[in-house]
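Enquirer: Got a structure for you, questions after.
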Amino acid sequence: MKLVIVGGGPRGLSALERIVERSRDVKNLKITMFDPYGPGGKIWRQDQPLSLKMNTVACQVTLFTDETLGTDGPVAKGPNLYEWARDYAEEFIQEELSGALAFINEARNLGPNDHCSRAFYGVYQRWFYKYIRTRMTEQTSVTFFNDTVRAVRKAEEGFLVYTQSVEITADKVVLALGHQEVEGTAAEKELAAYAAEHRLFYSQPKNAADNFFDAVKPRQTVLLKGLGLSFFDYMTMLTVNRGGTFRRKNGQLDYLPSGNEPLIVAGSGRGFPYHARGVNQKSYGEQYQPRFLKQKNLNKWKRKGSFPAEEFFYLLKKEVEFVYYSALIKEKYPEINQKRFAEEYIRKKGDSTVISKYAISEEDYWDWSKIEHPDQGLSSYKNFSEAVLNYVLHDAGEARKGNIDGPLSSAFDSLKDMRDQVRFMLDHQLFTEKEYKEQFLEKFISLDSFLSIGPPLERMEELSALLKAGVVTILAPEMKIDMKDGRFIGYSANDPEKKYDAFFLMEARIPSIDVKRSVSPLMQQLLKEKVGRRHRLTIDGEAHYTGAIDVEAVSNQLIDGEGKVVPGLFCYGIPTEGIHWLTAATSRPGTDPWNLREADCIAARILKEYLA
């Protein structure tokens, strides 16, 4: 049996590991892997700045399955990222990376709740690949090519896989691809053309490790579009990586400029950066257990065949509020009987009368409108710089309280613990396609990202220091870019009198997922030859494309241009975002993580006919 896995990042390696563990009784299994960057892939490669950090703490990152695996697959427990750093990393680095001192120091100093560099996680993946090879039987082999797959075509039996230098046959193929470079949108192309005409610098959305920051000159204004996760990477590359340093004095973090920094002017539609992640207080496998979205309720809705999205997300929000009030009472209202409050809150499904009955101050009420739009309540945007600094300082303070004790941080963190409840609704298609588009894709994803997929606390503290130092300025909501007089002009539609002209404009975000605009030769070939197709929703007779490549959700097998499943051609991970959700999330130990579960299901389908 011949298998090909395209992609050597976490998803490709997980697919390999699951296939190896499930194939002990399979004879003559030949596996070929392709990734131009080797095991670990592009995002986690070792030649990137160590200042670019993971957004998840080390003890909550793993590549191994455990006893929580929600399939019948074999469990193969192993060290999480922190345990690997503590027990295995130094020996591997000495042997495989010629004793790279920076990585050895990182391994020695990494704590369980620290954020390691992305490159260090890449080293963990390289070790994991070596570990998988030790688990193979004599009947199994794997060959890894540092090469780019340019085409996968159906053959009379199986598939033909092409790179520029290799053509091989395969019985089954797994596409475990990461983020793709894409052509610019019409608006991005217009900005790029203007930059070329006037000799300005404009960069389309891309990973910070792939951008050319040297083009941005010291003490010049640079406009950054976006205040999400990538913004913090861009901020770091333009400050710390230019020689600036942070110093803590009397509990306050200050920034000492090097003089090589540009003036960073950043903005977005919302106008506020993503919330920082709370300091981790959760132990192995510890998660919030839903009160309203219990499995028995999910199963009941599944039997009905549908459930209103608006009602589901209402209940999800009530879960978040319950976590908030539970932590708030412990912190601020010890006179309230916690057990009695919880029972009444759950019985009345979070009715506001419960909050008022227990004499919680109105200033402590959870207000979704203010949570979603922090500028609500501002009488004017004239002093927005002061408002956003206070927001950043407050957010850092709340994150410092922790993801169990902190009322806000624990509430935001509960959204991460309830991802599988959301996935259950999506996987069983319990929303209508219109609800899926309007309630999930257009509303929930943005809010969830803002609240629960933010940067480490240290990055928010650094932002506060940079704001105080005047190195970073954040525009009021609704950032706009004009092209005028040979410059880019950045401003807020809410405060249009404050304008910043610049030679440099950067999209501080990763590329959006859109297989139609992908410049990947493989994606272009799959669509052009109708081996695959774009995923779409049909609403009121009109097609709406999600950006994903179409797969059968239950099996992750590609759907071709004629709408038929392509047996044996699997695709999972980031190109399927829009069918699946949060496909780039790291796997957390003790929680039956989605990525590992999907990898095991794919392995089971691949090997089923050989183990029958």
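In the structure tokens, chains take the letters A, B, ... in the order shown, each chain's residues start at 1, and ligands count up from 1 in the order shown.
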List every residue of region 63-162 of chain A that has an atom at most 12 Å from any atom of region 450-474 of chain A, giving for each one its closest atom pair and the distance in Å to one decimal, counting only C-alpha atoms, sorted by chain and then by ascending residue number, as CSV.
Expert:
```
residue,atom,partner,partner_atom,distance
A:Asn113,CA,A:Pro456,CA,10.5
A:Asp114,CA,A:Pro456,CA,9.1
A:His115,CA,A:Pro456,CA,7.4
A:Cys116,CA,A:Pro456,CA,10.7
A:Ser117,CA,A:Pro456,CA,12.0
```
Enquirer: Name the residues in contact with region 12-27 of chain A at a cut-off of 10 Å, using only C-alpha atoms, excluding same-chain residues fewer than 4 positions from it; report them as an MDAnalysis selection string.
Expert: chainID A and resid 1 3:8 31:35 39:41 63:65 73:76 125:126 128:129 131:133 135:142 174:178 572:573 595:608 610:611
Enquirer: Which is closer to Met479 (chain A) than all the others in A:Leu110, A:Leu522, A:Ala102, A:Leu224, using only C-alpha atoms?
Expert: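 Using only C-alpha atoms, Met479 (chain A) sits closest to A:Leu224.
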Enquirer: Taking the DSSP assignment computed from this structure's backbone, write out as a PyMOL selection string all residues of region 99-267 of chain A that belong to alpha helix (DSSP H).
Expert: chain A and resi 101-109+118-134+186-198+229-237
Enquirer: Give me the residues near Val182 (chain A) as a PyMOL selection string, where near means some atom within 8 Å (using only C-alpha atoms) and where sequence neighbours in that chain fewer than 2 positions away do not count.
Expert: chain A and resi 180+184+511-512+514-515+517-520
Enquirer: State, in Å with one decimal place, the distance from CA of Met237 (chain A) to CA of Asn55 (chain A).
Expert: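 That distance, rounded to one decimal, is 16.0 Å.
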Enquirer: Which residues come within 8 Å of region 549-566 of chain A, counting only C-alpha atoms, excluding same-chain residues fewer than 6 positions away, as a list of chain:residue names?
Expert: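 Here the qualifying residues turn out to be A:Asp427, A:Val515, A:Leu527, A:Lys530, A:Val531, A:Gly532, A:Arg533, A:Arg534, A:His535, A:Arg536, A:Tyr572, A:Pro575, A:Thr576, A:Ile579, A:His580, A:Cys601, A:Ile602, A:Arg605.
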Enquirer: Go ahead and write the selection's residues with N, CA, C and O atoms as an mmCIF file, in the first residue's frame.
Expert:
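part.cif, freshly written:
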```
data_model
loop_
_atom_site.group_PDB
_atom_site.id
_atom_site.type_symbol
_atom_site.label_atom_id
_atom_site.label_comp_id
_atom_site.auth_asym_id
_atom_site.auth_seq_id
_atom_site.Cartn_x
_atom_site.Cartn_y
_atom_site.Cartn_z
ATOM 1 N N ASP A 427 -21.017 20.106 12.531
ATOM 2 C CA ASP A 427 -20.787 18.792 11.924
ATOM 3 C C ASP A 427 -22.100 18.087 11.589
ATOM 4 O O ASP A 427 -22.178 17.338 10.604
ATOM 5 N N VAL A 515 -9.644 29.473 -1.570
ATOM 6 C CA VAL A 515 -8.943 28.609 -2.511
ATOM 7 C C VAL A 515 -8.993 29.160 -3.932
ATOM 8 O O VAL A 515 -8.103 28.870 -4.739
ATOM 9 N N LEU A 527 -8.592 22.705 -8.701
ATOM 10 C CA LEU A 527 -9.802 23.399 -9.138
ATOM 11 C C LEU A 527 -9.925 23.408 -10.655
ATOM 12 O O LEU A 527 -11.010 23.154 -11.202
ATOM 13 N N LYS A 530 -10.884 20.109 -11.972
ATOM 14 C CA LYS A 530 -12.119 19.654 -11.322
ATOM 15 C C LYS A 530 -11.926 18.385 -10.495
ATOM 16 O O LYS A 530 -12.850 17.596 -10.317
ATOM 17 N N VAL A 531 -10.703 18.228 -9.991
ATOM 18 C CA VAL A 531 -10.474 17.176 -9.001
ATOM 19 C C VAL A 531 -11.128 17.591 -7.684
ATOM 20 O O VAL A 531 -11.556 16.769 -6.882
ATOM 21 N N GLY A 532 -11.187 18.902 -7.481
ATOM 22 C CA GLY A 532 -11.859 19.472 -6.326
ATOM 23 C C GLY A 532 -12.719 20.640 -6.767
ATOM 24 O O GLY A 532 -12.729 21.016 -7.943
ATOM 25 N N ARG A 533 -13.418 21.221 -5.809
ATOM 26 C CA ARG A 533 -14.243 22.386 -6.105
ATOM 27 C C ARG A 533 -14.333 23.280 -4.870
ATOM 28 O O ARG A 533 -13.989 22.864 -3.755
ATOM 29 N N ARG A 534 -14.803 24.489 -5.081
ATOM 30 C CA ARG A 534 -14.990 25.431 -3.974
ATOM 31 C C ARG A 534 -16.253 25.066 -3.189
ATOM 32 O O ARG A 534 -17.265 24.683 -3.767
ATOM 33 N N HIS A 535 -16.171 25.230 -1.882
ATOM 34 C CA HIS A 535 -17.335 24.982 -1.034
ATOM 35 C C HIS A 535 -18.280 26.171 -1.110
ATOM 36 O O HIS A 535 -17.848 27.329 -1.066
ATOM 37 N N ARG A 536 -19.566 25.877 -1.223
ATOM 38 C CA ARG A 536 -20.520 26.971 -1.311
ATOM 39 C C ARG A 536 -21.784 26.659 -0.522
ATOM 40 O O ARG A 536 -22.140 25.507 -0.274
ATOM 41 N N TYR A 572 -7.645 17.860 5.094
ATOM 42 C CA TYR A 572 -8.124 18.395 6.367
ATOM 43 C C TYR A 572 -7.174 19.498 6.821
ATOM 44 O O TYR A 572 -6.036 19.597 6.377
ATOM 45 N N PRO A 575 -7.268 24.579 4.646
ATOM 46 C CA PRO A 575 -8.058 24.819 3.436
ATOM 47 C C PRO A 575 -9.536 24.465 3.568
ATOM 48 O O PRO A 575 -10.340 24.846 2.719
ATOM 49 N N THR A 576 -9.901 23.741 4.635
ATOM 50 C CA THR A 576 -11.312 23.385 4.835
ATOM 51 C C THR A 576 -12.007 24.339 5.801
ATOM 52 O O THR A 576 -13.171 24.107 6.163
ATOM 53 N N ILE A 579 -15.909 24.963 6.303
ATOM 54 C CA ILE A 579 -16.676 23.737 6.542
ATOM 55 C C ILE A 579 -16.428 23.323 7.990
ATOM 56 O O ILE A 579 -17.355 23.137 8.772
ATOM 57 N N HIS A 580 -15.145 23.173 8.319
ATOM 58 C CA HIS A 580 -14.735 22.971 9.707
ATOM 59 C C HIS A 580 -14.348 24.331 10.298
ATOM 60 O O HIS A 580 -14.338 25.341 9.601
ATOM 61 N N CYS A 601 -9.483 9.622 12.567
ATOM 62 C CA CYS A 601 -10.592 9.166 11.709
ATOM 63 C C CYS A 601 -10.131 8.965 10.266
ATOM 64 O O CYS A 601 -10.542 8.004 9.592
ATOM 65 N N ILE A 602 -9.275 9.862 9.785
ATOM 66 C CA ILE A 602 -8.735 9.709 8.433
ATOM 67 C C ILE A 602 -7.888 8.447 8.343
ATOM 68 O O ILE A 602 -8.005 7.657 7.390
ATOM 69 N N ARG A 605 -10.106 5.390 8.118
ATOM 70 C CA ARG A 605 -10.719 5.198 6.797
ATOM 71 C C ARG A 605 -9.699 4.684 5.780
ATOM 72 O O ARG A 605 -10.010 3.830 4.945
#
```
Enquirer: My list of candidates is A:Ile489, A:Ile93, A:Ile510, A:Ala209. Which is closest to Glu106 (chain A) when distances are computed with only C-alpha atoms?
Expert: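 Selected residue with least distance to Glu106 (chain A): A:Ile93.
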Enquirer: Name the closest residue to Lys528 (chain A) among the candidates A:Glu90, A:Ile355, A:Val216, A:Lys516; distances are taken between atoms, counting only C-alpha atoms.
Expert: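 Closest candidate: A:Lys516.
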Enquirer: Find the distance between CA of Pro273 (chain A) and CA of Phe312 (chain A) and write it in Å to one decimal.
Expert: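 These two atoms are separated by 26.9 Å.
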Enquirer: Identify all residues of region 514-573 of chain A in strand (DSSP E or B) (DSSP on the backbone) and supply them as a list in words.
Expert: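 Result set for region 514-573 of chain A (strand (DSSP E or B)): Ser518, Arg534, His535, Arg536, Leu537, Thr538, Ile539, Glu542, Ala543, His544, Tyr545, Thr546, Gly547, Ala548, Ile549, Val551, Glu552, Gln557, Leu558, Ile559, Val565, Val566, Pro567, Gly568, Leu569, Phe570 and Cys571 of chain A.
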Enquirer: What lies within 7 Å of region 225-236 of chain A using only C-alpha atoms, ignoring chain neighbours under 5 positions off, as an NGL selection string?
Expert: :A and (52 or 208 or 241 or 266-268 or 272-274 or 454-455 or 459 or 506-510)
Enquirer: Just the selected residues (N, CA and C atoms), exported as a PDB file, in the first residue's frame, please.
Expert:
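Wrote again-v9.pdb, looks like this:
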```pdb
ATOM      1  N   LEU A  52       9.106  35.837  17.921  1.00  0.00           N
ATOM      2  CA  LEU A  52       7.746  35.479  17.499  1.00  0.00           C
ATOM      3  C   LEU A  52       7.293  34.275  18.316  1.00  0.00           C
ATOM      4  N   ALA A 208       4.137  37.368   9.774  1.00  0.00           N
ATOM      5  CA  ALA A 208       5.196  38.337  10.089  1.00  0.00           C
ATOM      6  C   ALA A 208       6.578  37.793   9.748  1.00  0.00           C
ATOM      7  N   ASN A 241      12.725  43.844  17.770  1.00  0.00           N
ATOM      8  CA  ASN A 241      13.677  43.328  16.785  1.00  0.00           C
ATOM      9  C   ASN A 241      14.505  44.428  16.143  1.00  0.00           C
ATOM     10  N   ALA A 266      -1.746  52.213  13.950  1.00  0.00           N
ATOM     11  CA  ALA A 266      -2.496  50.987  13.674  1.00  0.00           C
ATOM     12  C   ALA A 266      -3.982  51.218  13.880  1.00  0.00           C
ATOM     13  N   GLY A 267      -4.768  50.405  13.202  1.00  0.00           N
ATOM     14  CA  GLY A 267      -6.209  50.516  13.364  1.00  0.00           C
ATOM     15  C   GLY A 267      -6.931  49.326  12.774  1.00  0.00           C
ATOM     16  N   SER A 268      -8.239  49.316  12.980  1.00  0.00           N
ATOM     17  CA  SER A 268      -9.090  48.235  12.467  1.00  0.00           C
ATOM     18  C   SER A 268     -10.529  48.732  12.466  1.00  0.00           C
ATOM     19  N   PHE A 272     -10.044  48.266  18.628  1.00  0.00           N
ATOM     20  CA  PHE A 272      -9.425  47.795  19.869  1.00  0.00           C
ATOM     21  C   PHE A 272      -8.726  46.463  19.600  1.00  0.00           C
ATOM     22  N   PRO A 273      -7.558  46.247  20.205  1.00  0.00           N
ATOM     23  CA  PRO A 273      -6.844  44.976  19.995  1.00  0.00           C
ATOM     24  C   PRO A 273      -7.570  43.812  20.655  1.00  0.00           C
ATOM     25  N   TYR A 274      -7.295  42.604  20.150  1.00  0.00           N
ATOM     26  CA  TYR A 274      -7.852  41.398  20.746  1.00  0.00           C
ATOM     27  C   TYR A 274      -7.507  41.348  22.238  1.00  0.00           C
ATOM     28  N   GLY A 454      -6.653  35.755  21.632  1.00  0.00           N
ATOM     29  CA  GLY A 454      -5.782  36.915  21.717  1.00  0.00           C
ATOM     30  C   GLY A 454      -4.339  36.574  22.031  1.00  0.00           C
ATOM     31  N   PRO A 455      -3.533  37.598  22.253  1.00  0.00           N
ATOM     32  CA  PRO A 455      -2.095  37.410  22.478  1.00  0.00           C
ATOM     33  C   PRO A 455      -1.791  37.042  23.926  1.00  0.00           C
ATOM     34  N   ARG A 459       2.427  40.439  25.755  1.00  0.00           N
ATOM     35  CA  ARG A 459       2.305  41.288  24.565  1.00  0.00           C
ATOM     36  C   ARG A 459       1.381  42.481  24.843  1.00  0.00           C
ATOM     37  N   MET A 506       1.175  48.369   5.746  1.00  0.00           N
ATOM     38  CA  MET A 506       1.277  46.917   5.880  1.00  0.00           C
ATOM     39  C   MET A 506      -0.047  46.353   6.373  1.00  0.00           C
ATOM     40  N   GLU A 507      -0.479  45.272   5.743  1.00  0.00           N
ATOM     41  CA  GLU A 507      -1.654  44.536   6.209  1.00  0.00           C
ATOM     42  C   GLU A 507      -1.179  43.601   7.326  1.00  0.00           C
ATOM     43  N   ALA A 508      -1.462  43.957   8.556  1.00  0.00           N
ATOM     44  CA  ALA A 508      -0.945  43.205   9.705  1.00  0.00           C
ATOM     45  C   ALA A 508      -1.880  42.046  10.046  1.00  0.00           C
ATOM     46  N   ARG A 509      -1.967  41.107   9.146  1.00  0.00           N
ATOM     47  CA  ARG A 509      -2.820  39.932   9.331  1.00  0.00           C
ATOM     48  C   ARG A 509      -2.372  38.853   8.364  1.00  0.00           C
ATOM     49  N   ILE A 510      -2.757  37.626   8.663  1.00  0.00           N
ATOM     50  CA  ILE A 510      -2.423  36.525   7.755  1.00  0.00           C
ATOM     51  C   ILE A 510      -3.414  36.508   6.600  1.00  0.00           C
TER      52      ILE A 510
END
```
Enquirer: Can you list, as a list in words, every protein, DNA or RNA residue that comes within 10 Å of Arg118 (chain A) when you count only C-alpha atoms, leaving out same-chain residues fewer than 3 positions away?
Expert: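 Once the nearby chain positions are removed, what remains is Ile43, Trp44, Arg45, Gln46, Gln48, Pro49, Leu50, Ser51, Leu52, Lys53, Met54, Asn55, His115, Tyr121, Gly122, Val123 and Tyr124 of chain A.
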Enquirer: Residues of region 381-440 of chain A within 10 Å of region 288-307 of chain A: nearest atom pair and distance (Å, one decimal) for each, counting only C-alpha atoms, sorted by chain and number, as CSV?
Expert:
```
residue,atom,partner,partner_atom,distance
A:Ile404,CA,A:Tyr288,CA,9.4
A:Ser410,CA,A:Tyr288,CA,9.2
A:Ala411,CA,A:Tyr288,CA,9.6
A:Asp413,CA,A:Tyr288,CA,8.8
A:Ser414,CA,A:Tyr288,CA,6.0
A:Leu415,CA,A:Tyr288,CA,8.9
A:Lys416,CA,A:Tyr288,CA,9.1
A:Asp417,CA,A:Tyr288,CA,5.9
A:Met418,CA,A:Pro290,CA,7.5
A:Gln421,CA,A:Leu293,CA,7.0
A:Val422,CA,A:Leu293,CA,9.3
A:Phe424,CA,A:Leu298,CA,7.6
A:Met425,CA,A:Leu298,CA,7.7
A:His428,CA,A:Lys302,CA,6.9
A:Gln429,CA,A:Ser306,CA,7.4
A:Leu430,CA,A:Ser306,CA,4.1
A:Phe431,CA,A:Ser306,CA,6.0
A:Thr432,CA,A:Ser306,CA,7.8
```
